[in-house]
file structure_27.cif (mmCIF, N, CA and C atoms)
data_model
#
loop_
_atom_site.label_atom_id
_atom_site.label_comp_id
_atom_site.auth_asym_id
_atom_site.auth_seq_id
_atom_site.Cartn_x
_atom_site.Cartn_y
_atom_site.Cartn_z
N MET A 1 7.81 -33.50 -3.75
CA MET A 1 8.54 -33.19 -4.98
C MET A 1 8.60 -31.67 -5.17
N THR A 2 9.74 -31.22 -5.59
CA THR A 2 9.86 -29.79 -5.86
C THR A 2 9.39 -29.51 -7.28
N LYS A 3 9.08 -28.25 -7.51
CA LYS A 3 8.61 -27.90 -8.86
C LYS A 3 9.72 -28.08 -9.89
N ARG A 4 10.97 -27.88 -9.52
CA ARG A 4 12.10 -28.09 -10.44
C ARG A 4 12.20 -29.56 -10.82
N PHE A 5 11.99 -30.44 -9.85
CA PHE A 5 12.04 -31.88 -10.11
C PHE A 5 10.96 -32.26 -11.12
N LEU A 6 9.77 -31.71 -10.98
CA LEU A 6 8.69 -31.99 -11.94
C LEU A 6 9.07 -31.50 -13.34
N ALA A 7 9.68 -30.32 -13.40
CA ALA A 7 10.11 -29.79 -14.70
C ALA A 7 11.14 -30.71 -15.34
N ILE A 8 12.06 -31.23 -14.54
CA ILE A 8 13.08 -32.15 -15.06
C ILE A 8 12.42 -33.43 -15.56
N LEU A 9 11.48 -33.98 -14.80
CA LEU A 9 10.79 -35.19 -15.24
C LEU A 9 10.08 -34.99 -16.57
N VAL A 10 9.36 -33.88 -16.69
CA VAL A 10 8.63 -33.61 -17.94
C VAL A 10 9.60 -33.41 -19.09
N ALA A 11 10.69 -32.69 -18.85
CA ALA A 11 11.69 -32.48 -19.90
C ALA A 11 12.31 -33.81 -20.34
N LEU A 12 12.54 -34.71 -19.39
CA LEU A 12 13.09 -36.02 -19.74
C LEU A 12 12.09 -36.84 -20.57
N VAL A 13 10.80 -36.70 -20.29
CA VAL A 13 9.78 -37.38 -21.10
C VAL A 13 9.80 -36.82 -22.52
N PHE A 14 9.89 -35.48 -22.63
CA PHE A 14 9.98 -34.87 -23.96
C PHE A 14 11.22 -35.38 -24.69
N LEU A 15 12.36 -35.44 -23.99
CA LEU A 15 13.60 -35.89 -24.62
C LEU A 15 13.47 -37.34 -25.08
N ALA A 16 12.93 -38.19 -24.23
CA ALA A 16 12.76 -39.60 -24.61
C ALA A 16 11.85 -39.73 -25.82
N SER A 17 10.75 -38.98 -25.83
CA SER A 17 9.83 -39.07 -26.97
C SER A 17 10.49 -38.56 -28.24
N GLY A 18 11.32 -37.53 -28.12
CA GLY A 18 12.02 -37.02 -29.29
C GLY A 18 13.01 -38.02 -29.85
N LEU A 19 13.77 -38.64 -28.97
CA LEU A 19 14.75 -39.63 -29.43
C LEU A 19 14.05 -40.84 -30.05
N ILE A 20 12.93 -41.22 -29.49
CA ILE A 20 12.15 -42.32 -30.07
C ILE A 20 11.64 -41.93 -31.45
N ARG A 21 11.12 -40.71 -31.58
CA ARG A 21 10.64 -40.25 -32.89
C ARG A 21 11.76 -40.28 -33.93
N ILE A 22 12.94 -39.82 -33.54
CA ILE A 22 14.07 -39.81 -34.47
C ILE A 22 14.41 -41.24 -34.90
N GLY A 23 14.52 -42.13 -33.93
CA GLY A 23 14.89 -43.51 -34.24
C GLY A 23 13.85 -44.23 -35.07
N VAL A 24 12.60 -44.13 -34.67
CA VAL A 24 11.53 -44.83 -35.38
C VAL A 24 11.37 -44.26 -36.79
N SER A 25 11.46 -42.94 -36.93
CA SER A 25 11.30 -42.37 -38.27
C SER A 25 12.41 -42.85 -39.19
N GLY A 26 13.63 -42.92 -38.68
CA GLY A 26 14.73 -43.43 -39.50
C GLY A 26 14.52 -44.87 -39.92
N LEU A 27 14.08 -45.68 -38.97
CA LEU A 27 13.79 -47.08 -39.29
C LEU A 27 12.67 -47.20 -40.33
N MET A 28 11.64 -46.39 -40.18
CA MET A 28 10.49 -46.48 -41.10
C MET A 28 10.83 -45.93 -42.48
N ILE A 29 11.66 -44.91 -42.55
CA ILE A 29 12.09 -44.41 -43.86
C ILE A 29 12.87 -45.52 -44.58
N GLY A 30 13.77 -46.17 -43.86
CA GLY A 30 14.53 -47.28 -44.45
C GLY A 30 13.64 -48.43 -44.87
N GLN A 31 12.65 -48.73 -44.04
CA GLN A 31 11.71 -49.81 -44.37
C GLN A 31 10.92 -49.44 -45.63
N ALA A 32 10.43 -48.20 -45.69
CA ALA A 32 9.64 -47.75 -46.85
C ALA A 32 10.49 -47.74 -48.12
N ALA A 33 11.77 -47.39 -47.99
CA ALA A 33 12.66 -47.32 -49.15
C ALA A 33 13.20 -48.69 -49.56
N GLY A 34 12.95 -49.69 -48.72
CA GLY A 34 13.44 -51.02 -49.03
C GLY A 34 14.89 -51.25 -48.66
N TRP A 35 15.47 -50.37 -47.84
CA TRP A 35 16.86 -50.53 -47.43
C TRP A 35 17.01 -51.72 -46.50
N TRP A 36 15.97 -52.02 -45.76
CA TRP A 36 15.94 -53.18 -44.87
C TRP A 36 14.51 -53.62 -44.72
N SER A 37 14.34 -54.78 -44.18
CA SER A 37 12.99 -55.31 -44.04
C SER A 37 12.82 -55.94 -42.65
N PHE A 38 12.13 -55.20 -41.82
CA PHE A 38 11.79 -55.72 -40.50
C PHE A 38 10.43 -56.38 -40.60
N GLY A 39 10.13 -57.22 -39.68
CA GLY A 39 8.81 -57.86 -39.65
C GLY A 39 7.97 -57.27 -38.54
N GLY A 40 6.88 -57.93 -38.27
CA GLY A 40 6.04 -57.58 -37.13
C GLY A 40 5.43 -56.20 -37.18
N GLU A 41 5.64 -55.45 -36.10
CA GLU A 41 5.00 -54.14 -35.95
C GLU A 41 5.48 -53.14 -36.98
N ALA A 42 6.71 -53.26 -37.44
CA ALA A 42 7.22 -52.33 -38.45
C ALA A 42 6.43 -52.47 -39.75
N VAL A 43 6.13 -53.70 -40.15
CA VAL A 43 5.34 -53.93 -41.36
C VAL A 43 3.94 -53.38 -41.18
N GLU A 44 3.37 -53.64 -40.02
CA GLU A 44 2.01 -53.16 -39.74
C GLU A 44 1.95 -51.64 -39.69
N ALA A 45 2.93 -51.02 -39.03
CA ALA A 45 2.95 -49.56 -38.93
C ALA A 45 3.12 -48.91 -40.31
N LEU A 46 3.99 -49.49 -41.13
CA LEU A 46 4.18 -48.95 -42.48
C LEU A 46 2.91 -49.11 -43.31
N ALA A 47 2.27 -50.26 -43.22
CA ALA A 47 1.02 -50.49 -43.96
C ALA A 47 -0.07 -49.53 -43.49
N ASP A 48 -0.17 -49.33 -42.19
CA ASP A 48 -1.17 -48.40 -41.65
C ASP A 48 -0.92 -46.98 -42.12
N THR A 49 0.35 -46.58 -42.14
CA THR A 49 0.70 -45.22 -42.58
C THR A 49 0.42 -45.06 -44.07
N ARG A 50 0.79 -46.05 -44.85
CA ARG A 50 0.49 -45.99 -46.30
C ARG A 50 -1.01 -45.90 -46.54
N ALA A 51 -1.79 -46.69 -45.79
CA ALA A 51 -3.25 -46.67 -45.94
C ALA A 51 -3.80 -45.31 -45.53
N PHE A 52 -3.30 -44.76 -44.43
CA PHE A 52 -3.79 -43.47 -43.97
C PHE A 52 -3.51 -42.37 -44.97
N ILE A 53 -2.26 -42.30 -45.45
CA ILE A 53 -1.90 -41.25 -46.40
C ILE A 53 -2.62 -41.48 -47.73
N GLY A 54 -2.73 -42.73 -48.15
CA GLY A 54 -3.41 -43.03 -49.40
C GLY A 54 -4.90 -42.74 -49.39
N SER A 55 -5.52 -42.85 -48.24
CA SER A 55 -6.96 -42.64 -48.16
C SER A 55 -7.34 -41.24 -47.66
N ALA A 56 -6.34 -40.44 -47.32
CA ALA A 56 -6.63 -39.10 -46.80
C ALA A 56 -7.32 -38.27 -47.87
N GLU A 57 -8.45 -37.70 -47.51
CA GLU A 57 -9.16 -36.83 -48.45
C GLU A 57 -8.41 -35.53 -48.67
N VAL A 58 -7.69 -35.11 -47.64
CA VAL A 58 -6.91 -33.87 -47.72
C VAL A 58 -5.49 -34.19 -47.28
N ASN A 59 -4.52 -33.72 -48.05
CA ASN A 59 -3.10 -33.82 -47.72
C ASN A 59 -2.47 -32.56 -48.30
N LEU A 60 -2.63 -31.46 -47.58
CA LEU A 60 -2.27 -30.14 -48.10
C LEU A 60 -0.82 -30.06 -48.57
N VAL A 61 0.09 -30.64 -47.82
CA VAL A 61 1.51 -30.61 -48.17
C VAL A 61 1.82 -31.64 -49.25
N GLY A 62 1.02 -32.68 -49.33
CA GLY A 62 1.28 -33.75 -50.29
C GLY A 62 2.31 -34.74 -49.78
N PHE A 63 2.27 -35.03 -48.48
CA PHE A 63 3.22 -35.97 -47.89
C PHE A 63 3.20 -37.32 -48.59
N SER A 64 4.38 -37.80 -48.93
CA SER A 64 4.56 -39.21 -49.28
C SER A 64 4.87 -39.92 -47.97
N VAL A 65 4.92 -41.23 -47.98
CA VAL A 65 5.24 -41.96 -46.75
C VAL A 65 6.64 -41.60 -46.23
N PRO A 66 7.68 -41.62 -47.08
CA PRO A 66 9.00 -41.23 -46.55
C PRO A 66 9.04 -39.78 -46.06
N ALA A 67 8.36 -38.88 -46.76
CA ALA A 67 8.34 -37.48 -46.33
C ALA A 67 7.62 -37.33 -44.99
N TYR A 68 6.55 -38.07 -44.81
CA TYR A 68 5.82 -38.05 -43.54
C TYR A 68 6.74 -38.51 -42.41
N PHE A 69 7.45 -39.60 -42.61
CA PHE A 69 8.36 -40.07 -41.56
C PHE A 69 9.54 -39.12 -41.38
N GLY A 70 9.96 -38.45 -42.44
CA GLY A 70 10.99 -37.41 -42.30
C GLY A 70 10.50 -36.27 -41.42
N TYR A 71 9.24 -35.89 -41.61
CA TYR A 71 8.64 -34.84 -40.78
C TYR A 71 8.57 -35.30 -39.32
N ILE A 72 8.21 -36.55 -39.10
CA ILE A 72 8.16 -37.09 -37.74
C ILE A 72 9.56 -37.04 -37.12
N GLY A 73 10.58 -37.36 -37.90
CA GLY A 73 11.96 -37.27 -37.42
C GLY A 73 12.36 -35.84 -37.09
N ALA A 74 11.94 -34.90 -37.94
CA ALA A 74 12.22 -33.48 -37.67
C ALA A 74 11.53 -33.04 -36.38
N MET A 75 10.30 -33.52 -36.16
CA MET A 75 9.61 -33.22 -34.91
C MET A 75 10.42 -33.76 -33.73
N GLY A 76 10.99 -34.95 -33.89
CA GLY A 76 11.80 -35.54 -32.84
C GLY A 76 13.03 -34.70 -32.53
N LEU A 77 13.67 -34.18 -33.58
CA LEU A 77 14.83 -33.33 -33.39
C LEU A 77 14.45 -32.04 -32.66
N VAL A 78 13.35 -31.43 -33.08
CA VAL A 78 12.90 -30.17 -32.48
C VAL A 78 12.55 -30.37 -31.00
N VAL A 79 11.80 -31.42 -30.69
CA VAL A 79 11.41 -31.64 -29.29
C VAL A 79 12.62 -32.02 -28.44
N SER A 80 13.58 -32.73 -29.02
CA SER A 80 14.79 -33.09 -28.27
C SER A 80 15.61 -31.84 -27.93
N ILE A 81 15.77 -30.95 -28.89
CA ILE A 81 16.48 -29.70 -28.64
C ILE A 81 15.76 -28.89 -27.55
N GLY A 82 14.44 -28.83 -27.66
CA GLY A 82 13.66 -28.11 -26.65
C GLY A 82 13.81 -28.72 -25.27
N ALA A 83 13.81 -30.04 -25.19
CA ALA A 83 13.95 -30.71 -23.90
C ALA A 83 15.33 -30.44 -23.29
N ILE A 84 16.35 -30.46 -24.12
CA ILE A 84 17.70 -30.16 -23.62
C ILE A 84 17.75 -28.72 -23.11
N GLY A 85 17.15 -27.81 -23.85
CA GLY A 85 17.09 -26.42 -23.38
C GLY A 85 16.35 -26.29 -22.06
N ALA A 86 15.26 -27.03 -21.92
CA ALA A 86 14.49 -26.99 -20.67
C ALA A 86 15.31 -27.57 -19.52
N LEU A 87 16.04 -28.64 -19.77
CA LEU A 87 16.89 -29.23 -18.73
C LEU A 87 17.97 -28.26 -18.28
N LEU A 88 18.45 -27.45 -19.23
CA LEU A 88 19.49 -26.46 -18.92
C LEU A 88 18.90 -25.15 -18.39
N ARG A 89 17.57 -25.11 -18.27
CA ARG A 89 16.84 -23.91 -17.81
C ARG A 89 17.06 -22.72 -18.73
N ARG A 90 17.12 -22.98 -20.01
CA ARG A 90 17.28 -21.92 -21.01
C ARG A 90 15.91 -21.57 -21.58
N SER A 91 15.65 -20.31 -21.75
CA SER A 91 14.34 -19.88 -22.25
C SER A 91 14.08 -20.38 -23.67
N TRP A 92 15.14 -20.55 -24.45
CA TRP A 92 14.94 -21.01 -25.83
C TRP A 92 14.39 -22.43 -25.86
N GLY A 93 14.56 -23.18 -24.79
CA GLY A 93 14.00 -24.54 -24.75
C GLY A 93 12.50 -24.54 -24.90
N LEU A 94 11.85 -23.58 -24.23
CA LEU A 94 10.40 -23.48 -24.34
C LEU A 94 9.97 -23.13 -25.76
N GLY A 95 10.75 -22.31 -26.43
CA GLY A 95 10.45 -21.96 -27.82
C GLY A 95 10.50 -23.17 -28.73
N TRP A 96 11.52 -24.01 -28.53
CA TRP A 96 11.62 -25.23 -29.33
C TRP A 96 10.48 -26.19 -29.01
N LEU A 97 10.11 -26.28 -27.74
CA LEU A 97 8.98 -27.15 -27.37
C LEU A 97 7.68 -26.62 -27.95
N ALA A 98 7.52 -25.31 -27.98
CA ALA A 98 6.33 -24.72 -28.60
C ALA A 98 6.32 -25.00 -30.10
N ALA A 99 7.50 -24.93 -30.73
CA ALA A 99 7.59 -25.23 -32.17
C ALA A 99 7.21 -26.69 -32.43
N TYR A 100 7.66 -27.59 -31.58
CA TYR A 100 7.27 -28.99 -31.70
C TYR A 100 5.76 -29.15 -31.61
N THR A 101 5.16 -28.48 -30.65
CA THR A 101 3.71 -28.57 -30.47
C THR A 101 2.99 -28.02 -31.70
N ALA A 102 3.50 -26.94 -32.26
CA ALA A 102 2.90 -26.38 -33.48
C ALA A 102 3.07 -27.35 -34.66
N MET A 103 4.22 -28.00 -34.75
CA MET A 103 4.44 -28.98 -35.83
C MET A 103 3.45 -30.14 -35.70
N HIS A 104 3.23 -30.57 -34.46
CA HIS A 104 2.29 -31.68 -34.22
C HIS A 104 0.88 -31.25 -34.61
N ALA A 105 0.49 -30.05 -34.19
CA ALA A 105 -0.84 -29.54 -34.53
C ALA A 105 -0.98 -29.37 -36.05
N ALA A 106 0.10 -28.99 -36.71
CA ALA A 106 0.06 -28.79 -38.16
C ALA A 106 -0.28 -30.08 -38.91
N LEU A 107 0.07 -31.22 -38.35
CA LEU A 107 -0.30 -32.48 -38.99
C LEU A 107 -1.81 -32.64 -39.05
N PHE A 108 -2.51 -32.22 -37.99
CA PHE A 108 -3.97 -32.30 -37.99
C PHE A 108 -4.54 -31.37 -39.06
N VAL A 109 -3.94 -30.20 -39.20
CA VAL A 109 -4.39 -29.26 -40.23
C VAL A 109 -4.08 -29.82 -41.61
N ASN A 110 -2.89 -30.36 -41.81
CA ASN A 110 -2.50 -30.90 -43.11
C ASN A 110 -3.46 -31.95 -43.62
N PHE A 111 -3.82 -32.87 -42.73
CA PHE A 111 -4.72 -33.95 -43.15
C PHE A 111 -6.18 -33.64 -42.85
N TRP A 112 -6.41 -32.46 -42.30
CA TRP A 112 -7.77 -31.99 -42.01
C TRP A 112 -8.55 -33.06 -41.26
N THR A 113 -7.91 -33.53 -40.20
CA THR A 113 -8.50 -34.62 -39.42
C THR A 113 -8.22 -34.41 -37.94
N VAL A 114 -9.07 -34.96 -37.13
CA VAL A 114 -8.85 -35.00 -35.70
C VAL A 114 -8.92 -36.47 -35.29
N ASN A 115 -7.92 -36.92 -34.57
CA ASN A 115 -7.91 -38.31 -34.12
C ASN A 115 -7.47 -38.36 -32.67
N PRO A 116 -7.46 -39.53 -32.09
CA PRO A 116 -7.10 -39.63 -30.67
C PRO A 116 -5.71 -39.08 -30.32
N LYS A 117 -4.83 -38.94 -31.29
CA LYS A 117 -3.50 -38.40 -31.00
C LYS A 117 -3.54 -36.90 -30.65
N LEU A 118 -4.69 -36.29 -30.81
CA LEU A 118 -4.83 -34.88 -30.42
C LEU A 118 -4.49 -34.69 -28.95
N TRP A 119 -4.75 -35.71 -28.13
CA TRP A 119 -4.44 -35.58 -26.71
C TRP A 119 -2.94 -35.37 -26.50
N LEU A 120 -2.08 -35.84 -27.42
CA LEU A 120 -0.65 -35.61 -27.29
C LEU A 120 -0.30 -34.14 -27.41
N VAL A 121 -1.01 -33.43 -28.27
CA VAL A 121 -0.79 -31.99 -28.40
C VAL A 121 -1.19 -31.30 -27.10
N LEU A 122 -2.35 -31.68 -26.57
CA LEU A 122 -2.80 -31.08 -25.32
C LEU A 122 -1.86 -31.43 -24.17
N LEU A 123 -1.36 -32.64 -24.15
CA LEU A 123 -0.40 -33.05 -23.13
C LEU A 123 0.90 -32.27 -23.26
N ALA A 124 1.33 -32.01 -24.50
CA ALA A 124 2.55 -31.22 -24.71
C ALA A 124 2.37 -29.80 -24.18
N VAL A 125 1.21 -29.21 -24.43
CA VAL A 125 0.94 -27.86 -23.91
C VAL A 125 1.01 -27.88 -22.38
N ALA A 126 0.40 -28.88 -21.76
CA ALA A 126 0.45 -29.00 -20.29
C ALA A 126 1.89 -29.20 -19.83
N GLY A 127 2.65 -30.01 -20.55
CA GLY A 127 4.05 -30.23 -20.20
C GLY A 127 4.88 -28.97 -20.28
N ILE A 128 4.65 -28.18 -21.31
CA ILE A 128 5.36 -26.90 -21.44
C ILE A 128 5.02 -25.99 -20.26
N ALA A 129 3.75 -25.99 -19.86
CA ALA A 129 3.34 -25.17 -18.71
C ALA A 129 4.04 -25.63 -17.43
N VAL A 130 4.15 -26.94 -17.24
CA VAL A 130 4.84 -27.47 -16.05
C VAL A 130 6.32 -27.07 -16.08
N ILE A 131 6.95 -27.19 -17.23
CA ILE A 131 8.37 -26.81 -17.34
C ILE A 131 8.54 -25.32 -17.06
N ARG A 132 7.68 -24.51 -17.63
CA ARG A 132 7.79 -23.06 -17.41
C ARG A 132 7.65 -22.75 -15.92
N TRP A 133 6.67 -23.35 -15.29
CA TRP A 133 6.45 -23.15 -13.85
C TRP A 133 7.62 -23.69 -13.04
N GLY A 134 8.06 -24.90 -13.38
CA GLY A 134 9.13 -25.55 -12.63
C GLY A 134 10.49 -24.90 -12.79
N ASN A 135 10.71 -24.25 -13.92
CA ASN A 135 11.99 -23.60 -14.16
C ASN A 135 11.97 -22.13 -13.77
N SER A 136 10.83 -21.62 -13.33
CA SER A 136 10.77 -20.20 -12.98
C SER A 136 11.69 -19.93 -11.79
N GLY A 137 12.35 -18.80 -11.85
CA GLY A 137 13.28 -18.45 -10.80
C GLY A 137 14.70 -18.95 -11.05
N GLY A 138 14.87 -19.65 -12.16
CA GLY A 138 16.20 -20.18 -12.49
C GLY A 138 16.92 -19.28 -13.46
N ARG A 139 17.90 -19.85 -14.14
CA ARG A 139 18.65 -19.10 -15.15
C ARG A 139 17.78 -18.75 -16.34
N PRO A 140 18.09 -17.66 -17.03
CA PRO A 140 17.30 -17.28 -18.22
C PRO A 140 17.57 -18.18 -19.41
#

call {"tool": "encode", "arguments": {"input": "structure_27.cif", "output": "structure tokens"}}
result
Amino acid sequence: MTKRFLAILVALVFLASGLIRIGVSGLMIGQAAGWWSFGGEAVEALADTRAFIGSAEVNLVGFSVPAYFGYIGAMGLVVSIGAIGALLRRSWGLGWLAAYTAMHAALFVNFWTVNPKLWLVLLAVAGIAVIRWGNSGGRP
């Protein structure tokens, strides 16, 4: 495998995760607002999120459930833009991916908590490094 191929694979993973974040956040905002009612995992995920936000000792921003899912959707938009930039070998793509990573880390600061999802932040940092390495020597 070439280093460019690895960069493309990682960028596609970022893009897929971003599109999933956008879709799921939209569905969950609608579920929370009562616009529609899905069963199964959607009900469980919404209940878990409500319980987490409701029991958080610290919520610096004061996220409501819909605002939290809106933030998740914004993260999806940011990471998707970054992934597209990385696929196009544009330097601004890395900036957007770094912004996504900072947004993800900010959630831990907001709720003053560390949970197993911290590995996603570390994985994103590693992914950005692979993209930077894999896209080196290409277009600016």

call {"tool": "closest_residue", "arguments": {"input": "structure_27.cif", "among": "A:Trp36, A:Val61, A:Phe52, A:Phe14", "to": "Asn110 (chain A)", "atoms": "only N, CA and C atoms"}}
result
A:Val61

call {"tool": "atom_distance", "arguments": {"input": "structure_27.cif", "atom1": "atom C of Lys3 (chain A)", "atom2": "atom C of His104 (chain A)"}}
result
26.4 Å

call {"tool": "closest_residue", "arguments": {"input": "structure_27.cif", "among": "A:Ile8, A:Ile131, A:Val24, A:Leu107", "to": "Ile53 (chain A)", "atoms": "only C-alpha atoms"}}
result
A:Leu107

call {"tool": "select_by_dssp", "arguments": {"input": "structure_27.cif", "residues": "chain A", "states": "alpha helix (DSSP H)", "output": "NGL selection string"}}
result
:A and (3-33 or 41-55 or 65-87 or 91-111 or 118-135)

call {"tool": "residues_around", "arguments": {"input": "structure_27.cif", "residues": "region 38-44 of chain A", "least_positions_apart": "6", "cutoff": "8 Å", "atoms": "all atoms listed in the file", "output": "JSON, numbers by chain"}}
result
{"A": [27, 28, 30, 31, 50]}

call {"tool": "closest_residue", "arguments": {"input": "structure_27.cif", "among": "A:Ala51, A:Val58, A:Ala32, A:Ala74", "to": "Trp112 (chain A)", "atoms": "only C-alpha atoms"}}
result
A:Val58

call {"tool": "closest_residue", "arguments": {"input": "structure_27.cif", "among": "A:Leu15, A:Val109, A:Val10, A:Ile29", "to": "Ala67 (chain A)", "atoms": "all atoms listed in the file"}}
result
A:Ile29

call {"tool": "closest_atom_pairs", "arguments": {"input": "structure_27.cif", "of": "region 5-63 of chain A", "to": "region 77-80 of chain A", "cutoff": "8 Å", "atoms": "only C-alpha atoms", "output": "CSV"}}
result
residue,atom,partner,partner_atom,distance
A:Phe14,CA,A:Val79,CA,6.4
A:Leu15,CA,A:Ser80,CA,4.8
A:Ala16,CA,A:Ser80,CA,7.7
A:Ser17,CA,A:Ser80,CA,7.9
A:Gly18,CA,A:Ser80,CA,4.9
A:Leu19,CA,A:Ser80,CA,6.6
A:Ile22,CA,A:Leu77,CA,6.6

call {"tool": "closest_residue", "arguments": {"input": "structure_27.cif", "among": "A:Ile84, A:Gly95, A:Gly73, A:Asn59", "to": "Phe108 (chain A)", "atoms": "only C-alpha atoms"}}
result
A:Asn59

call {"tool": "atom_distance", "arguments": {"input": "structure_27.cif", "atom1": "CA of Leu120 (chain A)", "atom2": "CA of Ser64 (chain A)"}}
result
22.9 Å

call {"tool": "atom_distance", "arguments": {"input": "structure_27.cif", "atom1": "atom C of Trp96 (chain A)", "atom2": "atom C of Leu60 (chain A)"}}
result
22.9 Å

call {"tool": "closest_residue", "arguments": {"input": "structure_27.cif", "among": "A:Ala56, A:Ile128, A:Ala33, A:Ala83", "to": "Phe111 (chain A)", "atoms": "only C-alpha atoms"}}
result
A:Ala56

call {"tool": "resolve_selection", "arguments": {"input": "structure_27.cif", "expression": "the PyMOL selection byres (((chain A and resi 91 and name CA) around 12) and name CA)", "output": "list in words"}}
result
Ile81, Gly82, Ala83, Ile84, Gly85, Ala86, Leu87, Leu88, Arg89, Arg90, Trp92, Gly93, Leu94, Gly95, Trp96, Leu97, Ala98, Ile128, Ile131, Arg132, Trp133, Asn135, Ser136, Gly137, Gly138, Arg139 and Pro140 of chain A
